[in-house]
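As provided, protein07.cif (mmCIF, C-alpha atoms) reads as follows.
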data_structure
#
loop_
_atom_site.label_atom_id
_atom_site.label_comp_id
_atom_site.auth_asym_id
_atom_site.auth_seq_id
_atom_site.Cartn_x
_atom_site.Cartn_y
_atom_site.Cartn_z
CA MET A 14 7.46 3.22 2.95
CA THR A 15 7.08 0.74 5.76
CA GLY A 16 4.26 -1.71 6.18
CA TYR A 17 3.45 -4.85 8.12
CA GLY A 18 0.81 -7.49 7.52
CA GLN A 19 -0.03 -10.87 9.00
CA ALA A 20 -2.64 -13.54 8.32
CA VAL A 21 -3.30 -17.08 9.58
CA ASP A 22 -5.53 -19.83 8.21
CA THR A 23 -5.92 -23.60 8.64
CA TYR A 24 -6.15 -26.53 6.29
CA HIS A 25 -7.09 -29.84 7.91
CA ASP A 26 -4.43 -30.37 10.58
CA ARG A 27 -2.08 -27.71 9.25
CA GLN A 28 -1.83 -24.03 10.18
CA VAL A 29 -0.67 -21.60 7.50
CA SER A 30 0.93 -18.40 8.83
CA VAL A 31 2.08 -15.52 6.59
CA GLU A 32 3.98 -12.47 7.82
CA ILE A 33 5.01 -9.56 5.59
CA LYS A 34 7.28 -6.60 6.24
CA THR A 35 7.97 -3.86 3.71
CA VAL A 36 10.58 -1.09 3.83
CA ASN A 37 11.58 1.60 1.39
CA HIS A 38 13.75 0.57 -1.53
CA ARG A 39 14.59 2.18 -4.86
CA PHE A 40 13.25 -0.84 -6.76
CA LEU A 41 10.90 -3.75 -6.05
CA ASP A 42 12.82 -6.52 -4.30
CA PHE A 43 11.55 -9.76 -2.70
CA SER A 44 12.91 -11.99 0.02
CA PHE A 45 11.04 -15.24 0.78
CA LYS A 46 11.55 -17.44 3.81
CA LEU A 47 9.34 -20.49 3.47
CA PRO A 48 9.33 -24.30 3.80
CA ARG A 49 11.33 -26.10 1.14
CA GLU A 50 8.17 -27.81 -0.10
CA LEU A 51 6.73 -24.40 -1.09
CA THR A 52 9.67 -23.16 -3.17
CA ALA A 53 7.91 -24.23 -6.36
CA LEU A 54 5.21 -21.63 -5.59
CA GLU A 55 7.65 -18.74 -5.16
CA ASP A 56 7.30 -17.32 -8.69
CA GLN A 57 3.51 -17.35 -8.42
CA MET A 58 3.70 -15.58 -5.07
CA LYS A 59 6.01 -12.91 -6.52
CA THR A 60 3.42 -12.23 -9.21
CA GLN A 61 0.80 -11.98 -6.49
CA CYS A 62 2.92 -9.45 -4.59
CA ARG A 63 3.49 -7.32 -7.70
CA SER A 64 -0.25 -6.76 -7.93
CA TRP A 65 -0.01 -4.89 -4.62
CA PHE A 66 3.40 -3.19 -4.65
CA ASN A 67 5.49 -1.35 -7.24
CA ARG A 68 8.44 -0.34 -5.11
CA GLY A 69 10.14 -1.38 -1.88
CA ARG A 70 11.79 -4.38 -0.26
CA ILE A 71 9.21 -7.03 0.59
CA ASP A 72 10.19 -9.66 3.20
CA ILE A 73 7.77 -12.59 3.36
CA TRP A 74 7.77 -15.37 5.95
CA ILE A 75 5.49 -18.39 5.48
CA GLN A 76 5.27 -21.11 8.13
CA MET A 77 3.41 -24.41 8.09
CA ASN A 78 2.64 -25.99 11.45
CA GLY A 79 1.06 -29.36 12.05
CA GLU A 80 1.01 -32.37 9.78
CA PRO A 81 4.14 -32.49 7.58
CA LEU A 82 3.72 -31.77 3.90
CA SER A 83 5.73 -34.77 2.78
CA GLU A 84 6.75 -38.19 4.04
CA PRO A 85 10.21 -39.18 2.81
CA THR A 86 10.49 -42.61 1.16
CA ILE A 87 13.49 -44.72 0.21
CA ASN A 88 13.69 -46.09 -3.33
CA VAL A 89 16.09 -48.59 -4.86
CA ASN A 90 17.90 -47.51 -7.97
CA TRP A 91 17.30 -50.81 -9.78
CA PRO A 92 19.10 -49.94 -13.03
CA LEU A 93 22.20 -49.02 -11.05
CA LEU A 94 22.00 -52.24 -8.99
CA ASN A 95 21.71 -54.36 -12.11
CA GLN A 96 24.78 -52.68 -13.55
CA TYR A 97 26.74 -53.37 -10.35
CA LEU A 98 25.72 -57.04 -10.35
CA ALA A 99 26.55 -57.44 -14.03
CA LYS A 100 29.99 -55.96 -13.51
CA VAL A 101 30.65 -58.19 -10.48
CA HIS A 102 29.80 -61.30 -12.51
CA GLU A 103 31.97 -60.02 -15.34
CA ILE A 104 34.91 -59.57 -12.97
CA LYS A 105 34.44 -63.09 -11.54
CA ASP A 106 34.30 -64.61 -15.02
CA GLU A 107 37.42 -62.81 -16.20
CA THR A 108 39.56 -63.31 -13.08
CA GLY A 109 38.18 -66.39 -11.40
CA ILE A 110 38.08 -64.62 -8.06
CA PRO A 111 35.64 -66.49 -5.77
CA GLY A 112 33.18 -64.91 -3.35
CA ASP A 113 29.54 -64.06 -2.87
CA ILE A 114 27.79 -60.67 -2.71
CA THR A 115 26.00 -59.97 0.58
CA ILE A 116 23.41 -57.37 1.52
CA ASN A 117 26.12 -55.49 3.44
CA HIS A 118 28.06 -55.11 0.20
CA LEU A 119 25.02 -53.75 -1.56
CA LEU A 120 24.22 -51.21 1.15
CA GLN A 121 27.67 -49.69 0.71
CA LEU A 122 27.13 -49.01 -2.98
CA GLU A 123 26.94 -45.25 -3.62
CA GLY A 124 23.63 -44.09 -5.09
CA LEU A 125 21.87 -47.43 -4.73
CA LEU A 126 19.33 -46.12 -2.22
CA GLU A 127 17.60 -42.82 -3.04
CA LYS A 128 15.62 -40.63 -0.66
CA ASP A 129 12.43 -39.24 -2.18
CA GLU A 130 10.78 -36.18 -0.58
CA SER A 131 8.25 -35.33 -3.25
CA ASN A 132 6.19 -32.17 -2.82
CA GLN A 133 2.80 -32.96 -1.34
CA VAL A 134 1.13 -29.55 -1.81
CA ASP A 135 -2.24 -30.26 -3.37
CA GLU A 136 -4.40 -27.66 -5.11
CA ALA A 137 -6.64 -27.08 -2.10
CA LEU A 138 -3.68 -26.41 0.21
CA GLU A 139 -2.09 -24.16 -2.42
CA GLN A 140 -5.29 -22.13 -2.57
CA VAL A 141 -5.27 -21.70 1.22
CA ILE A 142 -1.64 -20.53 1.10
CA ARG A 143 -2.38 -18.03 -1.67
CA SER A 144 -5.49 -16.66 0.04
CA THR A 145 -3.60 -16.28 3.33
CA LEU A 146 -0.82 -14.46 1.51
CA GLU A 147 -3.42 -12.20 -0.10
CA LYS A 148 -4.83 -11.24 3.30
CA ALA A 149 -1.36 -10.45 4.65
CA LEU A 150 -0.57 -8.38 1.54
CA ALA A 151 -3.80 -6.43 1.97
CA ASN A 152 -2.95 -5.69 5.62
CA ALA A 153 0.57 -4.54 4.75
CA TYR A 154 -0.77 -2.43 1.89
CA GLN A 155 -3.32 -0.73 4.15
CA MET A 156 -0.60 0.16 6.62
CA ARG A 157 1.40 1.69 3.79
CA ILE A 158 -1.67 3.62 2.66
CA ASP A 159 -2.12 5.05 6.16
CA GLU A 160 1.54 6.02 6.37
CA GLY A 161 1.41 7.39 2.83
CA GLU A 162 -1.41 9.76 3.76
CA THR A 163 0.65 11.10 6.65
CA LEU A 164 3.63 11.58 4.34
CA ARG A 165 1.41 13.26 1.76
CA GLN A 166 0.18 15.79 4.29
CA ASP A 167 3.76 16.51 5.40
CA VAL A 168 4.99 17.06 1.84
CA LEU A 169 1.97 19.26 1.04
CA GLN A 170 2.76 21.39 4.08
CA TYR A 171 6.42 21.74 3.08
CA ASN A 172 5.36 22.51 -0.48
CA GLU A 173 3.18 25.37 0.78
CA GLU A 174 6.15 26.75 2.71
CA ILE A 175 8.24 26.67 -0.48
CA LYS A 176 5.49 28.52 -2.36
CA LYS A 177 5.37 31.16 0.36
CA LEU A 178 9.13 31.68 0.31
CA ALA A 179 9.20 31.72 -3.50
CA ASN A 180 6.43 34.33 -3.63
CA GLU A 181 8.27 36.46 -1.08
CA LEU A 182 11.38 36.25 -3.23
CA ASN A 183 9.29 37.17 -6.26
CA ASP A 184 7.79 40.19 -4.47
CA ASN A 185 11.18 41.42 -3.31
CA ARG A 186 13.32 40.64 -6.35
CA GLU A 187 13.03 44.12 -7.93
CA THR A 188 13.84 45.82 -4.64
CA LEU A 189 16.78 43.48 -4.05
CA LYS A 190 17.99 44.03 -7.60
CA GLN A 191 17.84 47.80 -7.17
CA HIS A 192 19.70 47.62 -3.85
CA TYR A 193 22.37 45.50 -5.48
CA TYR A 194 22.60 47.95 -8.40
CA ASP A 195 22.94 50.95 -6.06
CA ARG A 196 25.64 49.30 -3.93
CA VAL A 197 27.74 48.22 -6.91
CA LEU A 198 27.42 51.64 -8.54
CA VAL A 199 28.47 53.47 -5.39
CA ARG A 200 31.44 51.17 -4.85
CA LEU A 201 32.65 51.51 -8.41
CA GLN A 202 32.22 55.28 -8.41
CA ASP A 203 34.10 55.48 -5.14
CA THR A 204 36.89 53.25 -6.45
CA LEU A 205 37.14 55.04 -9.80
CA LYS A 206 36.52 58.59 -8.59
CA GLU A 207 39.97 59.74 -9.71
CA VAL A 208 39.70 57.97 -13.07
CA ASP A 209 38.21 59.64 -16.09
CA ILE A 210 35.35 57.31 -17.15
CA ASP A 211 32.15 57.54 -19.13
CA HIS A 212 29.48 57.75 -16.45
CA GLN A 213 26.74 56.59 -18.80
CA ARG A 214 28.78 53.55 -19.82
CA LEU A 215 29.44 52.75 -16.16
CA VAL A 216 25.72 52.85 -15.39
CA GLN A 217 25.01 50.49 -18.29
CA GLU A 218 27.68 47.99 -17.18
CA VAL A 219 26.41 48.02 -13.62
CA ALA A 220 22.85 47.46 -14.88
CA MET A 221 24.02 44.43 -16.89
CA LEU A 222 25.82 43.11 -13.83
CA ALA A 223 22.70 43.54 -11.75
CA ASP A 224 20.67 41.61 -14.34
CA LYS A 225 22.97 38.61 -13.87
CA GLY A 226 21.91 38.53 -10.26
CA ASP A 227 18.21 38.49 -11.15
CA ILE A 228 16.37 35.45 -9.74
CA THR A 229 13.14 35.76 -11.76
CA GLU A 230 13.69 32.57 -13.78
CA GLU A 231 14.66 30.52 -10.73
CA VAL A 232 11.58 31.67 -8.79
CA THR A 233 9.33 30.91 -11.78
CA ARG A 234 10.71 27.38 -12.01
CA LEU A 235 10.35 26.90 -8.26
CA LEU A 236 6.66 27.77 -8.42
CA SER A 237 6.21 25.52 -11.45
CA HIS A 238 7.78 22.59 -9.59
CA THR A 239 5.54 23.15 -6.56
CA GLU A 240 2.46 23.03 -8.81
CA GLN A 241 3.63 19.73 -10.26
CA ILE A 242 4.15 18.36 -6.75
CA ASP A 243 0.56 19.28 -5.84
CA GLU A 244 -0.70 17.50 -8.95
CA LEU A 245 1.31 14.36 -8.22
CA LEU A 246 0.14 14.22 -4.62
CA SER A 247 -3.47 14.28 -5.78
CA SER A 248 -2.83 11.21 -7.96
CA ASN A 249 -3.52 7.60 -7.00
CA GLN A 250 -0.50 6.37 -8.95
CA ALA A 251 3.01 5.57 -7.71
CA VAL A 252 4.73 8.97 -7.79
CA GLY A 253 7.75 8.48 -5.55
CA ARG A 254 10.35 8.65 -8.32
CA GLN A 255 8.78 11.74 -9.89
CA LEU A 256 8.67 13.48 -6.52
CA ASP A 257 12.28 12.54 -5.96
CA PHE A 258 13.22 14.14 -9.29
CA LEU A 259 11.25 17.32 -8.54
CA SER A 260 12.82 17.65 -5.10
CA GLN A 261 16.24 17.55 -6.76
CA GLU A 262 15.15 20.24 -9.21
CA LEU A 263 13.88 22.38 -6.33
CA HIS A 264 17.23 22.00 -4.65
CA ARG A 265 19.03 23.00 -7.84
CA GLU A 266 17.02 26.23 -8.15
CA ALA A 267 17.54 27.05 -4.48
CA ASN A 268 21.29 26.60 -4.89
CA THR A 269 21.29 28.95 -7.86
CA ILE A 270 19.36 31.56 -5.90
CA GLY A 271 21.84 31.17 -3.06
CA SER A 272 24.78 31.68 -5.42
CA LYS A 273 23.15 34.89 -6.67
CA ALA A 274 22.46 36.14 -3.17
CA ASN A 275 23.75 39.68 -2.98
CA ASP A 276 21.82 40.73 0.06
CA ILE A 277 21.59 39.48 3.63
CA ALA A 278 17.82 39.17 3.37
CA LEU A 279 18.10 37.16 0.14
CA SER A 280 20.74 34.90 1.68
CA LYS A 281 18.48 34.18 4.65
CA GLN A 282 15.54 33.37 2.37
CA ALA A 283 17.70 31.08 0.22
CA ILE A 284 18.87 29.21 3.33
CA ALA A 285 15.29 28.87 4.59
CA LEU A 286 14.24 27.63 1.17
CA LYS A 287 16.92 24.94 1.07
CA SER A 288 16.03 23.85 4.59
CA VAL A 289 12.41 23.17 3.63
CA ILE A 290 13.44 21.46 0.39
CA GLU A 291 15.72 19.12 2.37
CA LYS A 292 12.70 18.07 4.41
CA ILE A 293 10.80 17.23 1.23
CA LYS A 294 13.77 15.27 -0.14
CA GLU A 295 13.85 13.17 3.03
CA GLN A 296 10.14 12.44 2.96
CA VAL A 297 9.80 11.55 -0.73
CA GLN A 298 12.40 8.80 -0.25
CA ASN A 299 9.69 6.97 1.68
CA ILE A 300 6.94 7.42 -0.91
CA GLU A 301 6.22 4.68 -3.43
#

With the file now loaded, output its structure as structure tokens.
Amino acid sequence: MTGYGQAVDTYHDRQVSVEIKTVNHRFLDFSFKLPRELTALEDQMKTQCRSWFNRGRIDIWIQMNGEPLSEPTINVNWPLLNQYLAKVHEIKDETGIPGDITINHLLQLEGLLEKDESNQVDEALEQVIRSTLEKALANAYQMRIDEGETLRQDVLQYNEEIKKLANELNDNRETLKQHYYDRVLVRLQDTLKEVDIDHQRLVQEVAMLADKGDITEEVTRLLSHTEQIDELLSSNQAVGRQLDFLSQELHREANTIGSKANDIALSKQAIALKSVIEKIKEQVQNIE
């Protein structure tokens, strides 16, 4: 399910901008693009996002414009310098090599000067960032709600079509079964007309064969699945995975009905049924 949200706020001379984009995903996945100084807040922001979303890929961009968050400073690693100096004196004492240490020598020592870019995000600024993120999350969530209602109406419509087709199959199943029985009996009698057979036994075998083509159980399960779909779509919970499972079960029953199709009319209804179920399968992939 797609969604987009944006929010902007200010803190002194800084502007905080948050942009969120969500797309459908099997699980809940985050991608943050934010200033390096804010990376320490990433785990907190993930927790904040989980309070709004249960499923989907969430891309979050946070920008800070204006006064920089940190001013880099240069520090001297005094313990390291003292060790260098001690070793130089030790070398001179042991070898007698003359010479003086200059500032140029010291500046070439690896690790002597350290750059410090400590995080300067104070509590007040952090609160502004979190509140701005919350507004963007709310906007993205509302967009998903609006889209979700449209998807819900589509799935409900397709579900009604499945019910209609299933009820038509249910109404016609005895007629279709009888037609199938009559055709098989006529063909067998025609094929075996010169063979001495027990007519009563033949009728019984054909009846058993016709029962194997009965679709009563499949239609019953279809209607049961459609009722469950209606119940889920009236819920306020995340039901995407359950709907996905039910759509697969609908497809399974439709395939079984198609494999039992022994009549042109039944074949057409089975094809129509699978066509509508495919539409539901596509739509539920976008439901959280």

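Among A:Glu244, A:Glu295, A:Asp72, A:Glu55, the residue with the shortest atom-to-atom distance to A:Asp42, counting only C-alpha atoms, is A:Asp72.
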
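Among the candidates A:Gln296, A:Gln140, A:Thr23, A:Ser247, the residue lying nearest to A:Glu160 is A:Gln296 (atoms considered: all atoms listed in the file).
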
**Q.** Result set of the PyMOL selection byres ((chain A and resi 263) around 9) on the coordinates above, as a PyMOL selection string
**A.** chain A and resi 234-235+238-239+258-262+264-268+287+290

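Between atom CA of A:Ile73 and atom CA of A:Ser248 the interatomic distance comes to 28.4 Å.
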
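If all atoms listed in the file are the atoms counted, then among A:Leu93, A:Ile300, A:Leu164, A:Leu279 the closest residue to A:Val36 is A:Ile300.
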
**Q.** Result set, the PyMOL selection byres ((chain A and resi 147-153) around 7) on current file, as number ranges by chain
**A.** A: 16-20, 31-33, 143-146, 154-157

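Coordinates place atom CA of A:Ser44 at a distance of 27.4 Å from atom CA of A:Asp26.
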
(Q) Residues near A:Glu123, anyone? I mean within 12 Å using only C-alpha atoms, not counting same-chain ones fewer than 3 positions away, as a PyMOL selection string. (A) chain A and resi 89-90+93-94+97+118-120+126-127

Q | Given only C-alpha atoms as the counted atoms, nearest of A:Gln96, A:Ser288, A:Phe40, A:Asp159 to A:Glu174 | A | A:Ser288

Q: Could you please determine the separation between atom CA of A:Tyr24 and atom CA of A:Leu47 in Å, to one decimal place?
A: 16.9 Å

**Q.** Pick from A:Lys128, A:Lys273, A:Arg254, A:Lys34, whichever lies nearest to A:Ile228 using only C-alpha atoms
**A.** A:Lys273

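Comparing the minimum interatomic distances between A:Arg27 and each of A:Leu41, A:Gln61, A:Arg68, A:Met77, counting all atoms listed in the file, we find that A:Met77 sits nearest.
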
**Q.** 9 Å contact set for A:Val232, only C-alpha atoms, chain neighbours under 5 positions out, as a VMD selection string
**A.** chain A and resid 179 to 180 182 to 183 237 266 to 267 270

Q. If the PyMOL selection byres ((chain A and resi 48) around 9) is run on the structure shown, which residues does it catch, given as a ChimeraX atom specification?
A. /A:46-47,49-52,75-77

Q. Could you pull the residues within 12 Å of A:Gly112, counting all atoms listed in the file, minus those fewer than 6 positions along the same chain, as a ChimeraX atom specification?
A. /A:101-102,104-106,118
